[in-house]
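Structure below is final.txt: compact mmCIF, C-alpha atoms.
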```
# COMPACT_ATOMS: atom_id res chain seq x y z
CA MET A 1 -64.52 8.77 8.90
CA ARG A 2 -65.99 9.30 12.32
CA LYS A 3 -63.67 6.71 13.84
CA VAL A 4 -60.65 8.37 12.23
CA ALA A 5 -61.66 11.76 13.66
CA LEU A 6 -62.18 10.25 17.10
CA PHE A 7 -58.81 8.50 16.91
CA VAL A 8 -57.04 11.74 15.99
CA ALA A 9 -58.76 13.55 18.88
CA PHE A 10 -57.76 10.69 21.21
CA LEU A 11 -54.13 10.95 20.08
CA PHE A 12 -54.11 14.72 20.62
CA VAL A 13 -55.59 14.50 24.11
CA GLY A 14 -53.24 11.66 25.06
CA ALA A 15 -50.20 13.57 23.76
CA PHE A 16 -51.16 16.69 25.71
CA LEU A 17 -51.72 14.66 28.87
CA LEU A 18 -48.31 12.98 28.49
CA LEU A 19 -46.64 16.35 27.90
CA GLY A 20 -48.30 17.73 31.02
CA VAL A 21 -47.20 14.76 33.12
CA ALA A 22 -43.62 15.06 31.84
CA ASP A 23 -43.56 18.72 32.89
CA MET A 24 -45.12 18.14 36.32
CA ARG A 25 -43.52 19.24 39.57
CA PRO A 26 -42.55 16.66 42.20
CA PHE A 27 -45.40 15.53 44.46
CA GLY A 28 -46.24 18.01 47.22
CA GLU A 29 -44.08 20.88 45.95
CA PRO A 30 -46.28 23.45 44.27
CA GLN A 31 -44.59 26.09 42.16
CA ILE A 32 -46.60 29.26 42.79
CA ALA A 33 -47.63 29.75 46.42
CA ASP A 34 -48.25 33.43 47.07
CA MET A 35 -51.98 33.68 47.87
CA ASP A 36 -52.10 30.70 50.22
CA ASP A 37 -49.19 32.10 52.21
CA TYR A 38 -51.18 35.31 52.63
CA TYR A 39 -54.30 33.39 53.69
CA ILE A 40 -52.43 31.22 56.20
CA ALA A 41 -50.63 34.22 57.68
CA ASN A 42 -53.59 36.61 57.96
CA THR A 43 -56.78 34.56 58.38
CA GLN A 44 -56.70 34.39 62.19
CA ARG A 45 -56.15 38.14 62.48
CA GLU A 46 -58.57 39.34 59.80
CA VAL A 47 -61.47 36.88 59.90
CA ALA A 48 -60.96 35.48 63.43
CA VAL A 49 -61.46 31.92 62.23
CA ASN A 50 -59.14 28.97 62.66
CA ASN A 51 -60.37 27.05 59.62
CA VAL A 52 -58.63 28.70 56.68
CA VAL A 53 -60.73 26.84 54.10
CA THR A 54 -63.98 28.16 55.56
CA ALA A 55 -62.51 31.65 55.72
CA VAL A 56 -61.60 31.46 52.03
CA VAL A 57 -64.98 30.03 51.01
CA PHE A 58 -67.18 32.42 52.99
CA ASP A 59 -65.09 35.56 53.28
CA TYR A 60 -62.27 36.00 50.79
CA ARG A 61 -64.03 34.21 47.94
CA GLY A 62 -67.67 34.76 48.85
CA PHE A 63 -68.70 35.22 45.24
CA ASP A 64 -67.82 31.59 44.50
CA THR A 65 -70.17 30.43 47.25
CA LEU A 66 -72.86 32.73 45.88
CA GLY A 67 -72.45 31.13 42.44
CA GLU A 68 -72.62 27.65 43.96
CA ALA A 69 -75.85 28.58 45.77
CA THR A 70 -77.23 29.90 42.48
CA VAL A 71 -76.34 26.64 40.73
CA LEU A 72 -78.15 24.62 43.40
CA PHE A 73 -81.20 26.90 43.16
CA ALA A 74 -81.22 26.50 39.37
CA ALA A 75 -81.04 22.70 39.76
CA VAL A 76 -83.99 22.63 42.17
CA VAL A 77 -86.09 24.91 39.95
CA GLY A 78 -85.20 22.90 36.83
CA ILE A 79 -86.11 19.54 38.37
CA LEU A 80 -89.32 21.06 39.75
CA ALA A 81 -90.23 22.35 36.28
CA LEU A 82 -89.45 18.93 34.79
CA PHE A 83 -91.42 16.78 37.22
CA ARG A 84 -94.29 19.00 38.38
CA LYS A 85 -97.88 17.94 37.99
CA PRO A 86 -99.65 19.96 35.29
CA ARG A 87 -102.67 21.91 36.45
CA GLU A 88 -106.12 20.97 35.33
CA ASP A 89 -106.59 23.88 32.91
CA GLU A 90 -103.26 23.21 31.17
CA ARG A 91 -104.00 19.74 29.89
CA MET B 1 -96.13 -3.75 46.33
CA LYS B 2 -98.03 -0.84 47.81
CA ASN B 3 -95.15 1.06 49.38
CA ASN B 4 -92.11 0.51 47.23
CA GLY B 5 -89.56 0.34 50.01
CA MET B 6 -86.67 -2.04 50.53
CA SER B 7 -86.28 -5.15 52.68
CA ILE B 8 -86.68 -5.27 56.46
CA ILE B 9 -82.90 -5.33 57.00
CA VAL B 10 -82.48 -2.00 55.22
CA ARG B 11 -85.43 -0.52 57.10
CA THR B 12 -84.18 -1.57 60.53
CA VAL B 13 -80.64 -0.29 59.91
CA THR B 14 -82.07 2.96 58.55
CA ARG B 15 -84.20 3.41 61.66
CA PHE B 16 -81.10 3.10 63.84
CA VAL B 17 -78.75 5.19 61.73
CA TYR B 18 -80.57 8.17 60.27
CA GLY B 19 -80.74 10.16 63.51
CA LEU B 20 -77.00 9.81 63.98
CA ILE B 21 -76.37 10.98 60.41
CA ILE B 22 -78.55 14.07 60.91
CA LEU B 23 -76.79 14.80 64.21
CA PHE B 24 -73.38 14.53 62.56
CA GLY B 25 -74.51 16.86 59.77
CA PHE B 26 -75.65 19.50 62.25
CA TYR B 27 -72.32 19.12 64.09
CA VAL B 28 -70.42 19.73 60.86
CA ILE B 29 -72.48 22.86 60.14
CA MET B 30 -72.23 24.21 63.68
CA HIS B 31 -68.46 23.75 63.96
CA GLY B 32 -67.78 24.77 60.36
CA HIS B 33 -65.47 27.59 61.41
CA LEU B 34 -63.41 25.34 63.70
CA SER B 35 -63.21 21.87 62.18
CA PRO B 36 -63.14 20.59 58.59
CA GLY B 37 -66.45 20.98 56.86
CA GLY B 38 -68.90 23.80 56.67
CA GLY B 39 -72.34 24.64 55.46
CA PHE B 40 -72.21 22.81 52.16
CA GLN B 41 -70.71 19.61 53.54
CA GLY B 42 -72.98 19.44 56.59
CA GLY B 43 -76.04 20.17 54.48
CA ALA B 44 -75.06 17.38 52.10
CA VAL B 45 -74.69 14.96 55.03
CA VAL B 46 -78.16 15.84 56.39
CA ALA B 47 -79.66 15.56 52.90
CA SER B 48 -78.04 12.14 52.49
CA ALA B 49 -79.90 11.04 55.63
CA PHE B 50 -83.15 12.21 54.01
CA ALA B 51 -82.23 10.35 50.81
CA LEU B 52 -81.53 7.20 52.85
CA LEU B 53 -84.98 7.47 54.42
CA LEU B 54 -86.57 7.92 51.01
CA VAL B 55 -84.76 4.98 49.42
CA ALA B 56 -85.43 2.67 52.36
CA PHE B 57 -89.09 3.47 53.02
CA GLY B 58 -90.26 4.59 49.60
CA SER B 59 -92.24 7.68 48.85
CA THR B 60 -95.09 6.68 51.16
CA GLY B 61 -92.85 6.35 54.20
CA LEU B 62 -92.21 10.07 54.49
CA LYS B 63 -95.75 11.34 54.14
CA GLY B 64 -96.40 13.99 56.76
CA ARG B 65 -92.79 14.23 57.91
CA LEU B 66 -91.30 16.30 55.11
CA ASN B 67 -93.52 18.68 53.19
CA LEU B 68 -92.34 19.70 49.74
CA HIS B 69 -93.63 23.26 49.92
CA TRP B 70 -92.02 23.68 53.33
CA LEU B 71 -88.70 22.42 51.92
CA GLN B 72 -88.81 24.86 49.01
CA THR B 73 -89.68 27.74 51.34
CA MET B 74 -86.78 26.90 53.64
CA GLU B 75 -84.41 26.69 50.66
CA GLU B 76 -85.36 30.18 49.55
CA VAL B 77 -85.10 31.42 53.16
CA GLY B 78 -81.53 30.06 53.25
CA ALA B 79 -80.58 31.67 49.94
CA LEU B 80 -82.09 35.04 50.86
CA SER B 81 -80.49 35.08 54.31
CA PHE B 82 -77.12 34.29 52.69
CA LEU B 83 -77.59 37.26 50.36
CA ALA B 84 -78.71 39.46 53.24
CA LEU B 85 -75.63 38.51 55.27
CA ALA B 86 -73.49 39.33 52.24
CA PHE B 87 -75.20 42.70 51.87
CA LEU B 88 -74.63 43.55 55.55
CA GLY B 89 -71.14 44.85 54.87
CA ILE B 90 -72.00 46.73 51.68
CA GLY B 91 -70.81 49.92 53.37
CA THR B 92 -67.24 48.71 52.89
CA ALA B 93 -67.49 45.99 50.27
CA PHE B 94 -69.74 43.13 49.21
CA PHE B 95 -69.07 40.12 51.50
CA TYR B 96 -67.21 42.34 54.00
CA ASN B 97 -67.06 40.55 57.34
CA LEU B 98 -68.70 43.15 59.55
CA PHE B 99 -68.83 41.28 62.85
CA ALA B 100 -65.33 39.80 62.93
CA ASN B 101 -63.20 41.09 65.83
CA SER B 102 -65.97 43.48 66.83
CA GLY B 103 -66.15 42.17 70.38
CA GLY B 104 -69.92 42.19 70.23
CA PHE B 105 -72.40 39.48 71.03
CA LEU B 106 -72.65 37.93 67.55
CA PHE B 107 -69.50 35.81 67.16
CA GLY B 108 -67.35 38.87 67.67
CA ALA B 109 -64.48 37.42 69.71
CA SER B 110 -60.91 37.47 68.50
CA VAL B 111 -58.69 34.46 67.95
CA PRO B 112 -55.06 34.29 69.09
CA THR B 113 -52.67 33.81 66.22
CA GLY B 114 -50.73 30.61 65.98
CA SER B 115 -51.78 27.09 66.81
CA ASN B 116 -54.70 27.04 69.27
CA ALA B 117 -57.78 25.00 70.03
CA GLY B 118 -60.19 27.49 68.47
CA VAL B 119 -62.77 29.90 69.86
CA PHE B 120 -66.40 29.03 69.22
CA ALA B 121 -67.83 32.55 69.56
CA ALA B 122 -65.54 33.99 66.87
CA GLY B 123 -65.66 34.43 63.15
CA GLY B 124 -68.21 37.18 62.63
CA LEU B 125 -70.41 36.41 59.65
CA VAL B 126 -68.77 33.08 58.84
CA PRO B 127 -70.80 30.85 61.25
CA LEU B 128 -74.04 32.63 60.29
CA MET B 129 -73.29 32.07 56.60
CA ASN B 130 -72.52 28.44 57.44
CA TRP B 131 -76.03 28.08 58.87
CA ALA B 132 -77.63 29.83 55.89
CA VAL B 133 -75.83 27.74 53.29
CA GLY B 134 -76.37 24.56 55.33
CA LEU B 135 -80.13 25.19 55.49
CA LYS B 136 -80.20 25.92 51.78
CA VAL B 137 -78.22 22.84 50.76
CA MET B 138 -80.00 20.34 53.01
CA THR B 139 -83.50 21.43 52.02
CA GLY B 140 -82.58 21.91 48.36
CA ILE B 141 -81.09 18.45 47.86
CA ALA B 142 -83.87 16.80 49.88
CA ALA B 143 -86.38 18.62 47.66
CA ILE B 144 -84.60 17.32 44.53
CA VAL B 145 -84.74 13.71 45.74
CA ILE B 146 -88.38 13.98 46.87
CA ILE B 147 -89.46 15.59 43.60
CA MET B 148 -87.74 12.83 41.61
CA LEU B 149 -89.40 10.08 43.66
CA VAL B 150 -92.90 11.53 43.95
CA GLY B 151 -93.14 13.17 40.53
CA SER B 152 -92.08 10.08 38.60
CA ARG B 153 -94.50 7.92 40.60
CA LYS B 154 -97.48 10.03 39.52
CA GLU B 155 -96.68 9.46 35.86
CA GLU B 156 -96.45 5.73 36.41
CA THR B 157 -99.93 5.35 37.85
CA GLU B 158 -101.62 7.26 35.03
CA MET C 1 -43.31 8.00 53.79
CA ILE C 2 -42.92 4.85 51.72
CA VAL C 3 -46.01 3.38 53.38
CA GLN C 4 -48.00 6.46 52.40
CA SER C 5 -46.80 6.21 48.81
CA ILE C 6 -47.85 2.55 48.65
CA LEU C 7 -51.27 3.51 50.08
CA HIS C 8 -51.67 6.24 47.46
CA VAL C 9 -50.87 3.83 44.63
CA VAL C 10 -53.24 1.15 45.97
CA VAL C 11 -56.13 3.61 46.38
CA LEU C 12 -55.59 5.15 42.94
CA VAL C 13 -55.47 1.72 41.26
CA LEU C 14 -58.70 0.75 43.06
CA ILE C 15 -60.34 4.00 41.87
CA VAL C 16 -59.45 3.16 38.26
CA ILE C 17 -60.72 -0.42 38.70
CA GLY C 18 -64.01 0.84 40.14
CA ALA C 19 -64.52 3.35 37.34
CA ALA C 20 -63.75 0.70 34.71
CA LEU C 21 -66.22 -1.71 36.36
CA ALA C 22 -68.87 1.01 36.37
CA VAL C 23 -68.51 1.27 32.59
CA TRP C 24 -68.17 -2.48 32.03
CA PHE C 25 -71.20 -3.82 33.93
CA LYS C 26 -74.38 -4.46 31.95
CA ASP C 27 -76.54 -4.54 35.09
CA LEU C 28 -77.12 -0.89 35.85
CA LEU C 29 -77.58 -1.40 39.61
CA SER C 30 -74.15 -3.06 39.84
CA SER C 31 -72.74 -0.23 37.76
CA VAL C 32 -74.14 2.37 40.16
CA LEU C 33 -72.70 0.50 43.14
CA ALA C 34 -69.28 0.33 41.45
CA LEU C 35 -69.52 4.08 40.86
CA ALA C 36 -70.36 4.62 44.54
CA ALA C 37 -67.35 2.52 45.59
CA ALA C 38 -65.08 4.51 43.27
CA SER C 39 -66.48 7.74 44.69
CA LEU C 40 -65.90 6.59 48.25
CA LEU C 41 -62.30 5.71 47.31
CA VAL C 42 -61.92 9.19 45.80
CA ALA C 43 -63.06 10.57 49.16
CA LEU C 44 -60.43 8.39 50.90
CA GLU C 45 -57.78 9.71 48.50
CA PHE C 46 -58.79 13.31 49.30
CA TYR C 47 -58.44 12.49 52.98
CA LEU C 48 -54.98 11.01 52.37
CA LEU C 49 -54.04 14.22 50.55
CA GLN C 50 -55.07 16.17 53.71
CA ALA C 51 -58.18 17.82 52.27
CA PRO C 52 -60.89 16.67 54.72
CA ASP C 53 -63.37 19.34 53.58
CA VAL C 54 -63.44 17.97 50.06
CA ALA C 55 -63.49 14.43 51.46
CA ILE C 56 -66.70 15.10 53.44
CA ALA C 57 -68.33 16.75 50.44
CA GLU C 58 -67.32 13.91 48.12
CA ALA C 59 -68.51 11.21 50.52
CA GLY C 60 -71.84 12.98 51.04
CA ILE C 61 -72.59 14.00 47.47
CA GLY C 62 -70.77 11.41 45.38
CA ALA C 63 -71.19 8.27 47.43
CA ALA C 64 -74.61 8.83 49.04
CA LEU C 65 -76.80 11.29 47.15
CA THR C 66 -75.77 10.40 43.61
CA THR C 67 -76.28 6.71 44.40
CA ALA C 68 -79.74 7.40 45.85
CA ILE C 69 -80.80 9.45 42.81
CA TYR C 70 -79.47 6.81 40.39
CA ILE C 71 -81.26 4.03 42.31
CA ILE C 72 -84.53 5.99 42.13
CA ALA C 73 -84.03 6.54 38.40
CA ILE C 74 -83.22 2.85 37.79
CA ARG C 75 -86.27 1.76 39.78
CA ARG C 76 -88.47 3.91 37.54
CA THR C 77 -86.86 2.77 34.25
CA ALA C 78 -85.04 -0.36 33.07
CA ARG C 79 -82.65 -2.43 35.16
CA LYS C 80 -80.60 -3.81 32.28
CA GLU C 81 -78.62 -1.90 29.71
CA GLU C 82 -79.84 -2.39 26.16
CA GLU C 83 -77.41 -3.82 23.63
```
Full structure transcribed into structure tokens:
Amino acid sequence: MRKVALFVAFLFVGAFLLLGVADMRPFGEPQIADMDDYYIANTQREVAVNNVVTAVVFDYRGFDTLGEATVLFAAVVGILALFRKPREDER
Amino acid sequence: MKNNGMSIIVRTVTRFVYGLIILFGFYVIMHGHLSPGGGFQGGAVVASAFALLLVAFGSTGLKGRLNLHWLQTMEEVGALSFLALAFLGIGTAFFYNLFANSGGFLFGASVPTGSNAGVFAAGGLVPLMNWAVGLKVMTGIAAIVIIMLVGSRKEETE
Amino acid sequence: MIVQSILHVVVLVLIVIGAALAVWFKDLLSSVLALAAASLLVALEFYLLQAPDVAIAEAGIGAALTTAIYIIAIRRTARKEEE
């Protein structure tokens, strides 16, 4: 029963992947390219930075970097809570 | 074995290489607004140097050089300075780049449009945020590796 | 252009081989090293696709730090995979 369910799920995922590949654009020709044209045209004037990727990460999409920093902080706190030495009065 | 490090070949190569890796990481952070890379990538490179030291010399090889409480404090300093830099432009919007094109002393120069070699003293808040995130990532990942090595060793001896 | 296409195909096939070896090995240390090689090849593929930022991050995180953490974990636990 479990193997049949897994096989059906495998067939579905494989079919969707094949459909996606059949509908794919040619390599290096993206279909929708509005925002990146804006970034490439205006980054040097607005942010005064040559590296467009850094400008996007730290200026236009700063909230994403804030979320990434939060994820790293949560990882450090979680591993610290997992591996810390228990105090004497907690044993 | 007392100190659970690796063989002498690994230790010698590590002794030659780890300074160069740390230097390259600081270069990636410092030039994050000019060249590929940035705070996260440079911090990961520096933290990989720390991880190399830990794997090669074992947990006893780093005693006195990297303090765990100091690492955690620096990680929180990085996170809070990133938030403070984001709050600097709250008069206009969150994450507003206040210092860009201001002409002031803090990375306020302008950049000519088109293809150019890049201006180091430009970018406003972007280089400062690079330093904040780089500090946070390098100390955070080094703290993760050190906690895993030291904390699991304590359980083994008991 | 044709040389670049051949390079893409070679690197992608090597990535798939490395990932399959990482699953197939019973020795966990060999498996981790195969995973590190696959990750380094992923970084090379990002560089070939002209994304050097992601390539630096992948080489630092995927190939170095993940390998170090896995090696520490393997040293504390078992070396061989149980049947």
List the spatial neighbours of B:Tyr18 as JSON, numbers by chain - criterion: any atom at most 8 Å away, all atoms listed in the file, same-chain residues fewer than 4 positions off excluded.
{"B": [14, 22, 49, 50, 52, 53]}
May I ask you to extract the residues of chain A within 6 Å of chain B, using all atoms listed in the file, and to give them as a list in words?
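Output check: Gln44, Val47, Ala48, Val49, Asn50, Asn51, Val76 and Phe83 of chain A.
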Between atom CA of B:Ala51 and atom CA of A:Val53, what is the spacing in Å?
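Atom CA of A:Val53 sits 27.3 Å away from atom CA of B:Ala51.
The gap separating atom CA of B:Met6 from atom CA of C:Ile71 is 11.6 Å, in Å to one decimal.
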Could you list, as a ChimeraX atom specification, every residue of chain C that has an atom within 12 Å of an atom of chain B, counting only C-alpha atoms?
/C:47,50-77
Between atom CA of A:Val8 and atom CA of C:Lys26, what is the distance, to one decimal in Å?
28.6 Å
So which one's closest to chain A, C:Ala43, C:Val11, C:Leu33, C:Leu49? Using only C-alpha atoms, please.
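Going through C:Ala43, C:Val11, C:Leu33, C:Leu49 one by one, the smallest distance to chain A is for C:Leu49.
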Taking only C-alpha atoms into account, which residues of chain A are within 12 Å of chain C, as a PyMOL selection string?
chain A and resi 27-28+51-54+57
With distances taken over only C-alpha atoms, which of C:Ala19, C:Ile6, C:Ala78, C:Leu48 is nearest to C:Val32?
C:Ala19
Pick out the closest residue to C:Leu7 from this set: C:Ala37, C:Leu29, C:Val23, C:Leu44. Count only C-alpha atoms.
C:Leu44
